Every structure is written in structure tokens, then in C-alpha cells.
Amino acid sequence: MIGRHKHCIALEEYSREDILEVLDLAVSMKEVMQRPIKKVPSLRGKSIVNLFFEASTRTRSSFEIAAKILSADALNWTSAASSVTKGETLVDTARNLEAMKPDVLVIRHASGGAPRLVAEHVGCSVVSAGDGAHEHPTQGLLDCFTLREKLGTLEGKTVAIVGDISHSRVARSDLHAMPKLGAKVRLCGPPTMIPAGVEKLGATVHYDLREAVEGADAVVMLRIQHERIGDPLIPNTREYSKYWGLGVKKAEEWLKPSCVILHPGPINRGVELAPEVADGPRSVILDQVQNGVAVRMAVLYLLAGGKHAEGVEGKA
Amino acid sequence: MSDTIFIEGGRVIDPANGVDGVRTVVVRDGKVAEIAERLERPRDARAIDARGKWVTPGFVDLHVHLREPGQEYKETVETGARAAVAGGFTTICAMPNTKPVNDNASVTELVLARAAAAGLARVLPLGCISRNQAGEELAEYGELKAAGCVAVTDDGRPVVSSSLMRRALEYAKAFGLPVAVHEEDPLLAGKGVMHEGPAATRLGLKGIPAAAEDVMVLRDLALLELTGGRLHVQHVSTRGAVRALREAKKRGLAVTAEVTPHHLALTDEDVAVSGYSTDLKMNPPLRSADDVAAVREGLADGTIDAIATDHAPHSLVEKDLEFDAAMNGIVGLETAFGVCMDLVRRGALPERRLVEVLTAGPAGAFRLAAGTLARGALADLAVLDPAAEWVVDPARLRSKGRNTPWKGKRLVGRCMYTIVGGRIVHEEVRAER
């Protein structure tokens, strides 16, 4: 392990310096991705195991590609096709896999705190790819990386996060990281989607979309899960879209010309973002995806890189 | 016809502006142009001699069932609006439990269109709390507000699910709408048809305990505290509810409340005295004398903000039945003032407070631009004769509904003229005097 942390589980635990260490390294990693031969031997002989208890294509592929560019061996494991269906517990699953000596376990789980639990029972490093509504640290890091790349810096910038904040681990990770880099965060959504006490995490709350996005340097749009039965937070997506969706007219009239639009994906086209806005000039959504690989390369390197780290410029 | 009206020498009672004294009022171009102790009568003004009468802002009723769309045989927006102005009401709030229910812009627009065509009382619709009033999903409050709704309610029914009520209070915050609630635990109320107490016991009718209302009021006050929204408790009828509201207001919670004239005037014993008359069957039911005393105190001391009639017209088909089978509800727009003046004469309510809870109080609860006679305000006024004696003749009621416990009874206090937007929309020909 090179970086200051053995695990990457929560940005709440990362200091400003920790975050910057990842972002600065990711710049070099991104350069590697532009080469015709996207391979460096930095993590050769290391193994990264993806332990995904929740569905994912984007994040899992991103970690897999990141591992492979660094020459690590990557293994994918999904709960549906495993002994979890026979009732094997999380800790048992992790320890069994750990006995096969991976260097990093990348875990996505529906329960907040699951990666922490695993980390307490295994000897290798653990990366959270998202735990319930708690955190998605690499997403928070790639959002910061993207904003720094597009805006030059986060110092003094205003970022609006719009959507179902109460269920969003992305919002929480962003909220822990961005103020440490000097940004002001505004949270926006219907009152039913704003979690209790969120102002204490250092953000202002706005029910009105216009108020939240006017003057903002960046807007992070979150996906709405409208299939929530038993505790309906909104009447339907039609009304959500009308009052909190970013349509073409609203984007044109309310956003600063320099404002960039982010989305962790997958997008509900027409609900939180109009297709023209998702594909429009302010959108940096696809940059986020590319930056995600670079940031995950940096995180894996910091956790698993050792004496034989080679081939990455500017970092020992 | 002149656009100017000259109302001379009446006692102007306008609590919103702290006015109570003899004044002359000039209405011009739909607005209150001047109010002063002495004014020159403009030429070609329609003159109303208001000496010995009260001149007040037009009354505001937060709770009226207009039955349209879907049940026009009971009442229409037009007949309800006509009954309203006959009672001195210039603004009425229409409940959404129509057929179809008002959970969308189309029904809201229909109600507003009918009201505009009638050209009588102003009608402000309320939208549903839940889609189809089914108590499961939120209705589209943004759409309802944009179409003209001033609040949301599932009235007729309580909101049984606490989580839905919580979400309703939260979601309504985004649109600045109060959530108005019919407080009744349906499981406690069961098949009750009148207040649970000695009268029900003697009559052999199933009772609805006061606690059925109290538990929901307490629940919703707790949810109000959790969510920081705005709550309006409809037709308060119990001592427990008044006590909870008083304490909640003392703590600064954003709650308002209304009470009906019949809950101020009648008790469960009146059901017995009437011989099972279904003109005394409504929900919440007429309560004990102690409950009535409590709501009177609550109205006088500010715990309750408004009188609202819960005007609920039904046809004979629905009321001319045995007590158990009859539908709940009585009409109230045309008798409200007379019934409430009786309270005033008994010393249970000061005159100024009566006018306040019919004007500024309700307007304030829903933040309506009504219930005021300030210069420049819309000319919505009532000219009332507090001493006019009249007998309630069902055949002469403007409402289609005849279901009133005061049929054939003598009331003292009547609205003589009603003006909406500077037009005289009601004129009571002087009869019994």
C-alpha cells in the first residue's frame, strides 16, 4: 500500500490531502488511457476481485478495466450466481475469497456499512463500489476529478446536486468530498427526498430548482427511482420532471454559460434530464465515465501498488 | 346599471384592519374605493341604507361541498354559489370528493369555469391529498396548485396511512399548500353513526368515540412537527382536539383549525330530542355538551381560527332513510350567520370575534386575499341585519339540499346584501320583520 489509507470505503474519512493525492495520480493514469497500448505493469501479479451484491455494468466494468490496464488480474463475482443463494453470509463469502489471496476486494452491497464489516474480517484492502445509501467513494472522487478538469479548480465553486438525495450514496460522497476542496454544495429536490439533518453535513437545501441551479458552476443530476412502493415520495415522474427535471429551456435560461452538467448514470432520459441536455454541450457525463477508470486506477494503485510499481510517470 | 355602490351608515366590522364603527363605504370599479365616517353620495351610485346593519368583508367558507362534477342532483357549483351569497359568503372553498375527484387540473378547471359562469361567490377549489382519494399515492400537487387549488384534502375520508400523511405534509411544502384533514380513525369509528355517549346508548345507535378524532389530531400534530409543513384541521368537534391544538399553537406549530356552526350549537342530545332526525346526522357527529363548550372556548380564545360550514347537500333519497342508512351531512351556507348570532346573544362569542372567524380568520388560514375591506381591496362585502328574524323555509333555500336541522325554525340574523367584485349578487327582499 502506498497511499495513506488501507481501504477506500468512505470519503468522510478522507482528508483534503488524501483526495488530492488520488486526483493528482489520476491525471497520470488518464494519460496512460490515451496511449495506443493501454498497459502498464504497475500491478502485475496483483489480483483484484469484484464482489458485487448489487447489479452494475458501468462500475464493475470500470474497475475491471482499471485493474487490467495496470496489468492486475481481475475476477468478477456476482451474488446471484453464488452461494449467497444458498444462504452464505457476507463475511463468509469474503473470507473464503480472501483465502485465495487477492490484493484488493471491490465490494458493492445494498447495506450501508457492509464494506466496513468485510474490512474488519479480511487482511487485504477493501474498496467500496457503493454500500446502500451510505457512500460511493470512487464516484465522489471521479466527480471531483471531472470538475477540477473542467472548471480548473473547485475552490470557491458552487455545485448543485439535484434529485433523490435521501437515497443517494453519490450525493453523500460528493457532499463529503467537494467542500474539502473548497466548493459550496446546494442540495435540491422535492421535500420528501431531502434527508433529515442534511444541512449539518455542510450544504444548503433548496426545494426550488431554479434557485438551486442559478449561478451554479456545476449541476449533478441524480437518477430518480420511481418504483418505490409503500412509501411514495413523489406522485409520479411527470410532476417530478416538470419541477425538478432539467429540460432544454430551463438549461438555457437558468444555467450559467460555463456551467457543466454531471450525472452518475444510468440516466432516465426525459425524467431528470431531457435527452438534448444529456447529449448537449454542457454535459460532461461521458467524461465522467472515462475519468472513472482513471480514478479507479489511481485508487487501486495506491492500495495495491508496492515496491515494483513501474511504468506510471511522475509517481514512485 | 351603475358601477358605484354607496353603503351608508352601517356598522363596519373589519377585523383584518381593526375597524369597528359606523362608516360609509363606497364601492367603485369592483374595489373598495373609500371608507370614512362621512362621505358624499356620488351621483348615479346605487345606494344601500345600512343603518342598524353590519357591513363586513364577505364571508369566507373553507369547507363547502359543491357536488359538481358528478352529483349535480344534490347541488351544482351554481346553486352552491347562490346559497353562499345568500348567506353572506363571497368566497367558498370547494371540496374535491366529487365524481371524478379533483386530483387533476381538468376537474379543477371545470369547477372554476362553472363558478365563473355563475358569477356569484368566488370558488377556490381544493385538490386531493392522494390520487383518486385512495390514500395510497400522492396526487400531483404542482399541477393542482398551478390549476388554481389553494390547499389539498381527502375530506370525506381520513388519511389512514401515517407515512402517506407524512409525505403529503412534506411534498406540499414545495408548493406552499396547506394540508387540510378530516380527522377520524376509521377503525375506532367503526360503524358508528352518532357520538358515543349516553344519548347513543339510549337511542340504541352505534357510537363514534371522541377519541377517534383525538388520536388523529395528535398523530398529525406530531407529523407536522416532524415535517415542518402546514396543517389545517377541519371540523373540530372534541375537547381533546381543542386541547391538543391549543398546546400545539403555544409551541408555535403551523396549524390552523375550523369549526362548523352546528358543532357550536347542537349536541348529541339534540339527536334524541329530534326523534332520530337525519338532519342531525353528520361526520364528525354532534358531540356532548362538554365538547360543545370546549369548541366554543377554542373559537373565542383563538385556538380555532375559522367557522366553516361543511355545507353538505344531499337529496331526499339519501336522507329520508333510517338513521343508520342516511348519508352524513347537512347544508349550512344560508343558516350560518343566524345560527352563530345565537351564540353571540348567549355571550359565547363576541360580535367582533364572530366576524373575524368568518373573514380574516379563514382567509389567514389559507393565505387568501380575502376577508378584508381595506381601501383598494376587491369589493367583496356583506350587509347583514343582526336582528332580522326569519323562519327557515326549506322550499325557499337557494341550495338544492334541504337537509338542515333548522328547517321550520326561527333564526335571528340574516344577510341582506352580498357584493362580489363590486356587483350586488344577492339582495334579500325584506320579509318577516
# chains A, B, ... in the order shown; residues from 1 in each chain; ligands from 1
>>> interface_residues(of="chain A", to="chain B", cutoff="9 Å", atoms="only C-alpha atoms", output="list in words")
Pro190, Pro191, Thr192, Met193, Tyr207, Asp208, Gly230, Asp231, Pro232, Leu233, Ile234, Pro235, Asn236, Arg238, Glu239, Lys242 and Tyr243 of chain A
>>> select_by_dssp(residues="region 33-223 of chain B", states="helix (DSSP H, G or I)", output="PyMOL selection string")
chain B and resi 77-86+105-118+131-133+141-147+162-173+186-189+198-203+211-223
>>> residues_around(residues="region 128-138 of chain A", least_positions_apart="4", cutoff="10 Å", atoms="only C-alpha atoms", output="compact mmCIF listing (two decimals) with N, CA and C atoms, in the first residue's frame")
# COMPACT_ATOMS: atom_id res chain seq x y z
N HIS A 7 -7.88 1.18 3.03
CA HIS A 7 -9.14 0.92 2.33
C HIS A 7 -9.65 2.21 1.72
N CYS A 8 -10.53 2.04 0.73
CA CYS A 8 -11.22 3.22 0.18
C CYS A 8 -12.72 2.95 0.36
N ILE A 9 -13.23 3.31 1.52
CA ILE A 9 -14.62 2.96 1.84
C ILE A 9 -15.51 4.20 1.98
N ALA A 10 -14.95 5.27 2.54
CA ALA A 10 -15.79 6.44 2.77
C ALA A 10 -14.98 7.72 2.64
N LEU A 11 -15.48 8.64 1.82
CA LEU A 11 -14.79 9.91 1.67
C LEU A 11 -14.92 10.77 2.93
N GLU A 12 -15.87 10.39 3.79
CA GLU A 12 -15.97 11.08 5.08
C GLU A 12 -14.65 10.94 5.84
N TYR A 14 -11.66 10.66 4.33
CA TYR A 14 -10.53 11.16 3.54
C TYR A 14 -10.34 12.65 3.80
N VAL A 22 -5.23 11.25 -4.71
CA VAL A 22 -5.89 10.41 -5.72
C VAL A 22 -6.06 11.17 -7.02
N ASN A 50 -13.76 -8.35 -7.82
CA ASN A 50 -15.01 -7.58 -7.74
C ASN A 50 -16.08 -8.44 -7.08
N LEU A 51 -16.56 -7.95 -5.93
CA LEU A 51 -17.58 -8.69 -5.17
C LEU A 51 -18.86 -7.86 -5.23
N PHE A 52 -19.72 -8.12 -6.21
CA PHE A 52 -20.88 -7.24 -6.42
C PHE A 52 -22.17 -7.91 -6.00
N PHE A 53 -22.75 -7.43 -4.92
CA PHE A 53 -24.03 -7.95 -4.44
C PHE A 53 -25.21 -7.18 -5.02
N GLU A 54 -24.92 -6.15 -5.80
CA GLU A 54 -25.97 -5.38 -6.46
C GLU A 54 -25.62 -5.30 -7.93
N SER A 56 -24.68 -4.09 -11.58
CA SER A 56 -23.90 -2.97 -12.10
C SER A 56 -23.24 -3.40 -13.39
N THR A 59 -19.96 0.39 -13.22
CA THR A 59 -18.93 0.44 -12.20
C THR A 59 -18.05 -0.80 -12.21
N ARG A 60 -18.68 -1.92 -12.38
CA ARG A 60 -17.91 -3.17 -12.39
C ARG A 60 -16.93 -3.20 -13.55
N PHE A 63 -13.98 -0.85 -12.89
CA PHE A 63 -12.94 -1.42 -12.01
C PHE A 63 -12.15 -2.50 -12.73
N LEU A 105 -10.27 -6.32 -2.56
CA LEU A 105 -11.67 -6.70 -2.76
C LEU A 105 -12.46 -5.43 -3.05
N VAL A 106 -13.15 -5.41 -4.19
CA VAL A 106 -14.00 -4.26 -4.52
C VAL A 106 -15.44 -4.71 -4.26
N ILE A 107 -16.11 -4.06 -3.33
CA ILE A 107 -17.43 -4.54 -2.90
C ILE A 107 -18.53 -3.53 -3.18
N ARG A 108 -19.61 -4.01 -3.76
CA ARG A 108 -20.85 -3.23 -3.85
C ARG A 108 -21.93 -4.02 -3.14
N HIS A 109 -22.63 -3.36 -2.21
CA HIS A 109 -23.63 -4.07 -1.41
C HIS A 109 -24.80 -3.15 -1.12
N ALA A 110 -25.97 -3.72 -0.88
CA ALA A 110 -27.16 -2.91 -0.63
C ALA A 110 -27.21 -2.34 0.78
N SER A 111 -26.36 -2.82 1.68
CA SER A 111 -26.42 -2.33 3.06
C SER A 111 -25.28 -1.37 3.37
N GLY A 112 -25.65 -0.21 3.91
CA GLY A 112 -24.61 0.71 4.36
C GLY A 112 -23.77 0.02 5.43
N GLY A 113 -22.46 0.14 5.32
CA GLY A 113 -21.59 -0.46 6.34
C GLY A 113 -21.05 -1.83 5.98
N ALA A 114 -21.56 -2.42 4.90
CA ALA A 114 -21.09 -3.77 4.54
C ALA A 114 -19.60 -3.82 4.22
N PRO A 115 -19.06 -2.86 3.43
CA PRO A 115 -17.62 -2.91 3.17
C PRO A 115 -16.79 -2.79 4.44
N ARG A 116 -17.27 -1.98 5.39
CA ARG A 116 -16.57 -1.82 6.67
C ARG A 116 -16.54 -3.16 7.40
N ALA A 119 -14.07 -5.36 5.73
CA ALA A 119 -12.69 -4.91 6.00
C ALA A 119 -12.22 -5.36 7.37
N LEU A 142 -14.33 10.67 -8.74
CA LEU A 142 -14.32 10.97 -10.17
C LEU A 142 -15.12 12.23 -10.48
N ASP A 143 -16.15 12.50 -9.66
CA ASP A 143 -16.89 13.75 -9.84
C ASP A 143 -15.97 14.94 -9.54
N CYS A 144 -15.19 14.83 -8.48
CA CYS A 144 -14.25 15.91 -8.14
C CYS A 144 -13.21 16.05 -9.24
N ILE A 165 -32.03 12.87 -2.93
CA ILE A 165 -30.85 12.93 -2.06
C ILE A 165 -30.94 11.87 -0.97
N SER A 166 -32.16 11.63 -0.50
CA SER A 166 -32.30 10.74 0.65
C SER A 166 -31.80 9.33 0.35
N HIS A 167 -31.91 8.90 -0.89
CA HIS A 167 -31.47 7.53 -1.23
C HIS A 167 -30.14 7.49 -1.95
N SER A 168 -29.45 8.62 -2.04
CA SER A 168 -28.28 8.68 -2.91
C SER A 168 -26.95 8.60 -2.18
N ARG A 169 -26.19 7.52 -2.48
CA ARG A 169 -24.84 7.42 -1.92
C ARG A 169 -23.89 8.34 -2.68
N VAL A 170 -24.21 8.60 -3.94
CA VAL A 170 -23.38 9.52 -4.72
C VAL A 170 -23.45 10.92 -4.12
N ALA A 171 -24.66 11.36 -3.77
CA ALA A 171 -24.80 12.70 -3.17
C ALA A 171 -24.00 12.79 -1.89
N ARG A 172 -24.05 11.75 -1.09
CA ARG A 172 -23.33 11.79 0.19
C ARG A 172 -21.82 11.83 -0.02
N SER A 173 -21.30 11.02 -0.94
CA SER A 173 -19.85 11.05 -1.20
C SER A 173 -19.44 12.41 -1.74
N ASP A 174 -20.24 12.94 -2.68
CA ASP A 174 -19.94 14.28 -3.22
C ASP A 174 -19.94 15.30 -2.10
N LEU A 175 -20.91 15.17 -1.20
CA LEU A 175 -21.07 16.13 -0.12
C LEU A 175 -19.92 16.06 0.86
N HIS A 176 -19.31 14.89 1.01
CA HIS A 176 -18.15 14.79 1.91
C HIS A 176 -16.89 15.32 1.25
N ALA A 177 -16.78 15.15 -0.07
CA ALA A 177 -15.53 15.50 -0.75
C ALA A 177 -15.46 16.94 -1.22
N GLY A 292 -13.69 7.96 -14.56
CA GLY A 292 -13.92 6.91 -13.57
C GLY A 292 -12.86 5.84 -13.64
N VAL A 293 -12.49 5.47 -14.85
CA VAL A 293 -11.44 4.44 -15.00
C VAL A 293 -10.13 4.97 -14.44
N VAL A 295 -9.57 7.32 -12.23
CA VAL A 295 -9.62 7.46 -10.77
C VAL A 295 -9.52 6.10 -10.09
N ARG A 296 -10.19 5.11 -10.65
CA ARG A 296 -10.12 3.76 -10.05
C ARG A 296 -8.75 3.16 -10.22
N ALA A 298 -6.08 4.93 -10.10
CA ALA A 298 -5.30 5.60 -9.06
C ALA A 298 -5.57 4.97 -7.69
N VAL A 299 -6.82 4.71 -7.40
CA VAL A 299 -7.17 4.13 -6.10
C VAL A 299 -6.56 2.74 -5.95
>>> residues_around(residues="Asn97 (chain B)", least_positions_apart="5", cutoff="7 Å", atoms="only C-alpha atoms", output="PyMOL selection string")
chain B and resi 102+155-156
>>> write_last_selection(atoms="C-alpha atoms", output="short mmCIF file (atom, residue, chain, number, x, y, z; two decimals), in the first residue's frame")
data_model
loop_
_atom_site.label_atom_id
_atom_site.label_comp_id
_atom_site.auth_asym_id
_atom_site.auth_seq_id
_atom_site.Cartn_x
_atom_site.Cartn_y
_atom_site.Cartn_z
CA ASN B 102 -60.44 16.66 -8.03
CA ASP B 155 -62.04 15.24 3.14
CA GLY B 156 -64.82 12.84 3.49
#
>>> residues_around(residues="region 384-389 of chain B", least_positions_apart="4", cutoff="10 Å", atoms="only C-alpha atoms", output="PDB file with N, CA and C atoms, in the first residue's frame")
ATOM      1  N   GLY B  10     -73.686  52.102   8.006  1.00  0.00           N
ATOM      2  CA  GLY B  10     -73.686  50.809   8.683  1.00  0.00           C
ATOM      3  C   GLY B  10     -72.538  50.704   9.674  1.00  0.00           C
ATOM      4  N   ARG B  11     -72.615  49.712  10.530  1.00  0.00           N
ATOM      5  CA  ARG B  11     -71.503  49.438  11.445  1.00  0.00           C
ATOM      6  C   ARG B  11     -70.527  48.557  10.686  1.00  0.00           C
ATOM      7  N   ALA B  50     -77.583  51.230   5.168  1.00  0.00           N
ATOM      8  CA  ALA B  50     -77.091  50.180   6.064  1.00  0.00           C
ATOM      9  C   ALA B  50     -77.240  50.556   7.527  1.00  0.00           C
ATOM     10  N   ARG B  51     -78.031  51.579   7.813  1.00  0.00           N
ATOM     11  CA  ARG B  51     -78.179  51.976   9.213  1.00  0.00           C
ATOM     12  C   ARG B  51     -78.787  50.833  10.014  1.00  0.00           C
ATOM     13  N   GLY B  52     -78.207  50.559  11.167  1.00  0.00           N
ATOM     14  CA  GLY B  52     -78.675  49.459  12.005  1.00  0.00           C
ATOM     15  C   GLY B  52     -78.150  48.107  11.541  1.00  0.00           C
ATOM     16  N   LYS B  53     -77.408  48.114  10.482  1.00  0.00           N
ATOM     17  CA  LYS B  53     -76.889  46.842   9.956  1.00  0.00           C
ATOM     18  C   LYS B  53     -75.375  46.787  10.126  1.00  0.00           C
ATOM     19  N   TRP B  54     -74.874  45.582   9.901  1.00  0.00           N
ATOM     20  CA  TRP B  54     -73.431  45.397   9.900  1.00  0.00           C
ATOM     21  C   TRP B  54     -72.947  45.373   8.463  1.00  0.00           C
ATOM     22  N   VAL B  55     -71.781  45.976   8.243  1.00  0.00           N
ATOM     23  CA  VAL B  55     -71.143  45.882   6.927  1.00  0.00           C
ATOM     24  C   VAL B  55     -69.796  45.199   7.157  1.00  0.00           C
ATOM     25  N   THR B  56     -69.626  44.048   6.571  1.00  0.00           N
ATOM     26  CA  THR B  56     -68.402  43.287   6.844  1.00  0.00           C
ATOM     27  C   THR B  56     -67.771  42.839   5.532  1.00  0.00           C
ATOM     28  N   GLY B  87     -76.031  33.608   2.052  1.00  0.00           N
ATOM     29  CA  GLY B  87     -75.609  33.561   3.450  1.00  0.00           C
ATOM     30  C   GLY B  87     -74.535  34.576   3.789  1.00  0.00           C
ATOM     31  N   GLY B  88     -74.155  35.399   2.809  1.00  0.00           N
ATOM     32  CA  GLY B  88     -73.127  36.399   3.066  1.00  0.00           C
ATOM     33  C   GLY B  88     -71.722  35.932   2.729  1.00  0.00           C
ATOM     34  N   PHE B 337     -74.962  32.407   9.554  1.00  0.00           N
ATOM     35  CA  PHE B 337     -74.944  33.669  10.292  1.00  0.00           C
ATOM     36  C   PHE B 337     -76.010  33.677  11.388  1.00  0.00           C
ATOM     37  N   GLY B 338     -77.200  33.245  11.041  1.00  0.00           N
ATOM     38  CA  GLY B 338     -78.280  33.232  12.029  1.00  0.00           C
ATOM     39  C   GLY B 338     -77.957  32.325  13.211  1.00  0.00           C
ATOM     40  N   MET B 341     -75.239  33.962  15.309  1.00  0.00           N
ATOM     41  CA  MET B 341     -75.699  35.129  16.069  1.00  0.00           C
ATOM     42  C   MET B 341     -76.335  34.682  17.381  1.00  0.00           C
ATOM     43  N   ASP B 342     -76.900  33.478  17.382  1.00  0.00           N
ATOM     44  CA  ASP B 342     -77.476  32.970  18.620  1.00  0.00           C
ATOM     45  C   ASP B 342     -76.384  32.782  19.676  1.00  0.00           C
ATOM     46  N   GLU B 351     -69.108  39.819  19.238  1.00  0.00           N
ATOM     47  CA  GLU B 351     -69.505  40.141  17.862  1.00  0.00           C
ATOM     48  C   GLU B 351     -68.302  40.254  16.933  1.00  0.00           C
ATOM     49  N   ARG B 410     -86.935  29.338  13.717  1.00  0.00           N
ATOM     50  CA  ARG B 410     -86.748  30.777  13.616  1.00  0.00           C
ATOM     51  C   ARG B 410     -85.289  31.100  13.926  1.00  0.00           C
ATOM     52  N   LEU B 411     -84.710  31.884  13.037  1.00  0.00           N
ATOM     53  CA  LEU B 411     -83.343  32.353  13.293  1.00  0.00           C
ATOM     54  C   LEU B 411     -83.364  33.875  13.353  1.00  0.00           C
ATOM     55  N   VAL B 412     -82.428  34.428  14.092  1.00  0.00           N
ATOM     56  CA  VAL B 412     -82.307  35.887  14.154  1.00  0.00           C
ATOM     57  C   VAL B 412     -80.923  36.260  13.641  1.00  0.00           C
ATOM     58  N   GLY B 413     -80.918  36.956  12.516  1.00  0.00           N
ATOM     59  CA  GLY B 413     -79.648  37.319  11.893  1.00  0.00           C
ATOM     60  C   GLY B 413     -79.669  36.833  10.467  1.00  0.00           C
ATOM     61  N   ARG B 414     -79.532  37.773   9.539  1.00  0.00           N
ATOM     62  CA  ARG B 414     -79.659  37.376   8.145  1.00  0.00           C
ATOM     63  C   ARG B 414     -78.839  38.314   7.269  1.00  0.00           C
ATOM     64  N   CYS B 415     -78.375  37.771   6.153  1.00  0.00           N
ATOM     65  CA  CYS B 415     -77.635  38.596   5.215  1.00  0.00           C
ATOM     66  C   CYS B 415     -78.630  39.276   4.277  1.00  0.00           C
ATOM     67  N   MET B 416     -78.509  40.588   4.156  1.00  0.00           N
ATOM     68  CA  MET B 416     -79.461  41.319   3.332  1.00  0.00           C
ATOM     69  C   MET B 416     -78.898  41.632   1.942  1.00  0.00           C
ATOM     70  N   TYR B 417     -77.617  41.934   1.859  1.00  0.00           N
ATOM     71  CA  TYR B 417     -76.990  42.210   0.556  1.00  0.00           C
ATOM     72  C   TYR B 417     -75.626  41.546   0.529  1.00  0.00           C
ATOM     73  N   THR B 418     -75.303  41.019  -0.634  1.00  0.00           N
ATOM     74  CA  THR B 418     -73.950  40.496  -0.799  1.00  0.00           C
ATOM     75  C   THR B 418     -73.384  41.069  -2.087  1.00  0.00           C
ATOM     76  N   GLU B 428     -81.709  40.390  -0.275  1.00  0.00           N
ATOM     77  CA  GLU B 428     -82.815  39.704   0.404  1.00  0.00           C
ATOM     78  C   GLU B 428     -83.968  40.684   0.524  1.00  0.00           C
ATOM     79  N   ARG B 430     -86.908  42.394   1.984  1.00  0.00           N
ATOM     80  CA  ARG B 430     -87.280  42.451   3.387  1.00  0.00           C
ATOM     81  C   ARG B 430     -88.596  41.730   3.586  1.00  0.00           C
ATOM     82  N   ALA B 431     -88.584  40.701   4.414  1.00  0.00           N
ATOM     83  CA  ALA B 431     -89.802  39.905   4.624  1.00  0.00           C
ATOM     84  C   ALA B 431     -90.240  40.035   6.072  1.00  0.00           C
ATOM     85  N   GLU B 432     -90.091  38.956   6.839  1.00  0.00           N
ATOM     86  CA  GLU B 432     -90.591  38.978   8.229  1.00  0.00           C
ATOM     87  C   GLU B 432     -89.853  40.010   9.070  1.00  0.00           C
ATOM     88  N   ARG B 433     -90.555  40.936   9.612  1.00  0.00           N
ATOM     89  CA  ARG B 433     -89.897  41.934  10.466  1.00  0.00           C
ATOM     90  C   ARG B 433     -90.855  42.309  11.589  1.00  0.00           C
TER      91      ARG B 433
END
>>> residues_around(residues="Asp217 (chain A)", least_positions_apart="4", cutoff="12 Å", atoms="only C-alpha atoms", output="JSON, numbers by chain")
{"A": [147, 148, 150, 151, 152, 153, 154, 155, 156, 157, 158, 159, 160, 161, 183, 184, 185, 186, 212, 213, 254, 255, 256, 257, 258, 259, 260, 261, 262, 282]}
>>> residues_around(residues="His5 (chain A)", least_positions_apart="6", cutoff="9 Å", atoms="only C-alpha atoms", output="VMD selection string")
chain A and resid 14 18 302 to 303
>>> closest_residue(among="B:Ile92, B:Val383, B:Leu62, B:Val123", to="Asp49 (chain B)", atoms="only C-alpha atoms")
B:Val383
>>> closest_residue(among="A:Lys250, A:Met100, A:Ile69, A:Thr78", to="Thr57 (chain A)", atoms="only C-alpha atoms")
A:Thr78
>>> select_by_dssp(residues="region 63-109 of chain B", states="strand (DSSP E or B)", output="PyMOL selection string")
chain B and resi 63-64+89-94
>>> atom_distance(atom1="CA of Val118 (chain A)", atom2="CA of Leu43 (chain A)")
22.7 Å
